[in-house]
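A short write-up of the structure that comes next.
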Amino acid sequence: MLPDTVLCVLGVLGDQHRAESDLDHATLVIRSNYEAPSLILGVFADRFVARGSGTIIGVSSVAGDRGRASNYVYGSAKAGFTAFLSGLRNRLARRGVHVVTVKPGFVRTRMIQGLRLPAPLIADPKMLGERIRKAAVTRRDVIHSQAVWWPMMAVIRAIPETIFKRLSL
Ligand SMILES: NC(=O)c1ccc[n+]([C@@H]2O[C@H](COP(=O)([O-])OP(=O)(O)OC[C@H]3O[C@@H](n4cnc5c(N)ncnc54)[C@H](OP(=O)(O)O)[C@@H]3O)[C@@H](O)[C@H]2O)c1
């Protein structure tokens with residue numbers, strides 16, 4: 001039986017430093033954050049189109065908005081997944097199937113355990129779950145874990161590359 005909604009949360013942060021020299025590790029990060037989520041949601045997309053309804057939700061990341069030295073293997077895979085979701089939404093918009101892209105900042109889960117991050121920017125997973133549910137019901141296209149990420153990432157994306165390469169963000 002086909003569900004009404006499919007939510008893909010699969011993802012691996014990995015270790016950026018290790019991914020720079022360990023091809024197996026880089027492959028795991030890229031495949032887990034881009035290849036596998038895109039392929040599995042593509043399979044659901046075709047079945048939802050055949051039925052004429054459905055909601056597809058993909059959890060990507062703000063890390064995909066700009067490549068940073070500290071996490072660009074993970075970030076570039078998320079960028080690919082974000083673009084995939086955007087294209088899928090564009091393709092399915094008139095076929096009865098809605099696609100929601102979730103771009104969290106930081107969320108208090110196993111993934112960020114042990115990392116030193118600014119507390120006000122860490123979202124509660126239950127709160128994010130509720131945001132995702134509402135986004136699906138109201139047919140939003142793209143949401144973040146907290147509203148502050150919209151302007152923050154807009155600024156980060158706007159920094160010219162010649163300046164950005166000298167920053168440690
Ligand atoms: N936490 C954050 O700050 C944050 C920020 C931005 C985006 N995100 C994204 O949010 C999503 C959920 O992450 P999370 O924070 O809940 O982290 P998490 O607790 O580490 O959960 C990651 C999930 O992915 C599954 N997974 C990882 N590699 C897999 C593989 N190769 N095959 C099958 N399943 C695999 C894990 O399954 P197991 O439980 O079986 O290991 C787990 O269910 C991810 O896509 C992540 O990139 C998280």
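In the structure tokens, chains take letters A, B, ... by order of appearance, with residues numbered from 1 within each chain and ligands from 1 in the order shown.
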Mind the document's chain letters and residue numbers, and return as a list in words the residues of stretch 1-153 of chain A that DSSP labels strand (DSSP E).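 So, restricting stretch 1-153 of chain A to strand (DSSP E), we get Thr5, Val6, Leu7, Cys8, Gly54, Thr55, Ile56, Ile57, Gly58, Val59, Val97, His98, Val99, Val100, Thr101, Val102, Lys103, Phe106, Val107, Ile122, Ala123, Val142, Ile143 and His144 of chain A.
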Near-stretch 47-58 of chain A list (12 Å; only C-alpha atoms; drop same-chain fewer than 5 positions) as a CSV table (one decimal) with C-alpha atoms, in the first residue's frame:
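Final output, out-v6.csv:
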chain,number,residue,atom,x,y,z
A,1,MET,CA,0.0,0.0,0.0
A,2,LEU,CA,1.3,3.5,-0.9
A,3,PRO,CA,1.5,6.1,1.9
A,4,ASP,CA,0.0,9.6,1.5
A,5,THR,CA,3.3,11.2,2.7
A,6,VAL,CA,6.9,10.1,2.5
A,7,LEU,CA,9.5,11.8,4.7
A,8,CYS,CA,13.2,11.2,4.1
A,9,VAL,CA,15.4,12.1,7.1
A,10,LEU,CA,18.4,9.9,6.3
A,11,GLY,CA,21.7,11.7,6.6
A,33,ASN,CA,23.1,12.7,1.9
A,34,TYR,CA,22.5,12.9,-1.8
A,36,ALA,CA,20.3,7.5,-1.6
A,37,PRO,CA,17.7,10.1,-0.5
A,38,SER,CA,17.3,11.4,-4.1
A,39,LEU,CA,16.9,7.9,-5.6
A,40,ILE,CA,14.4,6.6,-3.0
A,41,LEU,CA,12.2,9.8,-3.2
A,42,GLY,CA,12.4,9.5,-7.0
A,78,LYS,CA,23.0,18.5,0.8
A,80,GLY,CA,22.7,18.3,-4.5
A,81,PHE,CA,19.7,17.0,-2.5
A,82,THR,CA,18.2,20.5,-2.2
A,83,ALA,CA,18.5,21.0,-6.0
A,84,PHE,CA,17.0,17.5,-6.6
A,85,LEU,CA,14.0,18.4,-4.4
A,86,SER,CA,13.6,21.7,-6.1
A,88,LEU,CA,11.2,17.4,-8.3
A,89,ARG,CA,8.8,20.0,-7.0
A,91,ARG,CA,8.2,18.7,-12.2
A,92,LEU,CA,5.4,17.5,-10.0
A,93,ALA,CA,3.7,20.9,-9.3
A,94,ARG,CA,0.9,20.3,-11.8
A,95,ARG,CA,0.6,16.5,-11.1
A,96,GLY,CA,-1.0,16.6,-7.7
A,97,VAL,CA,2.2,15.8,-5.8
A,98,HIS,CA,3.7,18.4,-3.4
A,99,VAL,CA,7.4,18.5,-2.4
A,100,VAL,CA,8.6,20.1,0.9
A,101,THR,CA,12.3,20.9,1.4
A,102,VAL,CA,13.4,21.1,5.0
A,103,LYS,CA,16.6,23.0,5.6
A,104,PRO,CA,17.4,22.8,9.3
A,129,GLY,CA,8.7,17.8,13.7
A,132,ILE,CA,7.4,19.9,9.2
A,133,ARG,CA,3.9,18.6,9.8
A,134,LYS,CA,2.4,22.1,9.4
A,135,ALA,CA,4.5,22.7,6.3
A,136,ALA,CA,3.1,19.5,4.7
A,137,VAL,CA,-0.5,20.4,5.6
A,138,THR,CA,-0.2,24.0,4.4
A,139,ARG,CA,1.8,23.0,1.3
A,140,ARG,CA,4.9,25.1,2.0
A,141,ASP,CA,7.8,24.6,-0.4
A,142,VAL,CA,10.9,25.3,1.7
A,143,ILE,CA,11.2,25.6,5.5
A,144,HIS,CA,14.0,26.0,8.1
Can I get the residues close to ligand 1 as a PyMOL selection string, where close means within 7 Å and we count only C-alpha atoms and all ligand atoms? chain A and resi 9-13+32-33+59-62+103-112
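As for atom CA of A:Ser70 and atom CA of A:Phe164, they are spaced 12.9 Å apart.
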May I have all residues of chain A that DSSP, computed from the backbone, assigns to alpha helix (DSSP H), given as a ChimeraX atom specification? /A:16-19,23-30,36-51,72-92,125-137,149-158,161-164
Mind pulling up the distance from atom CA of A:Ser145 to atom CA of A:Arg131? 7.6 Å
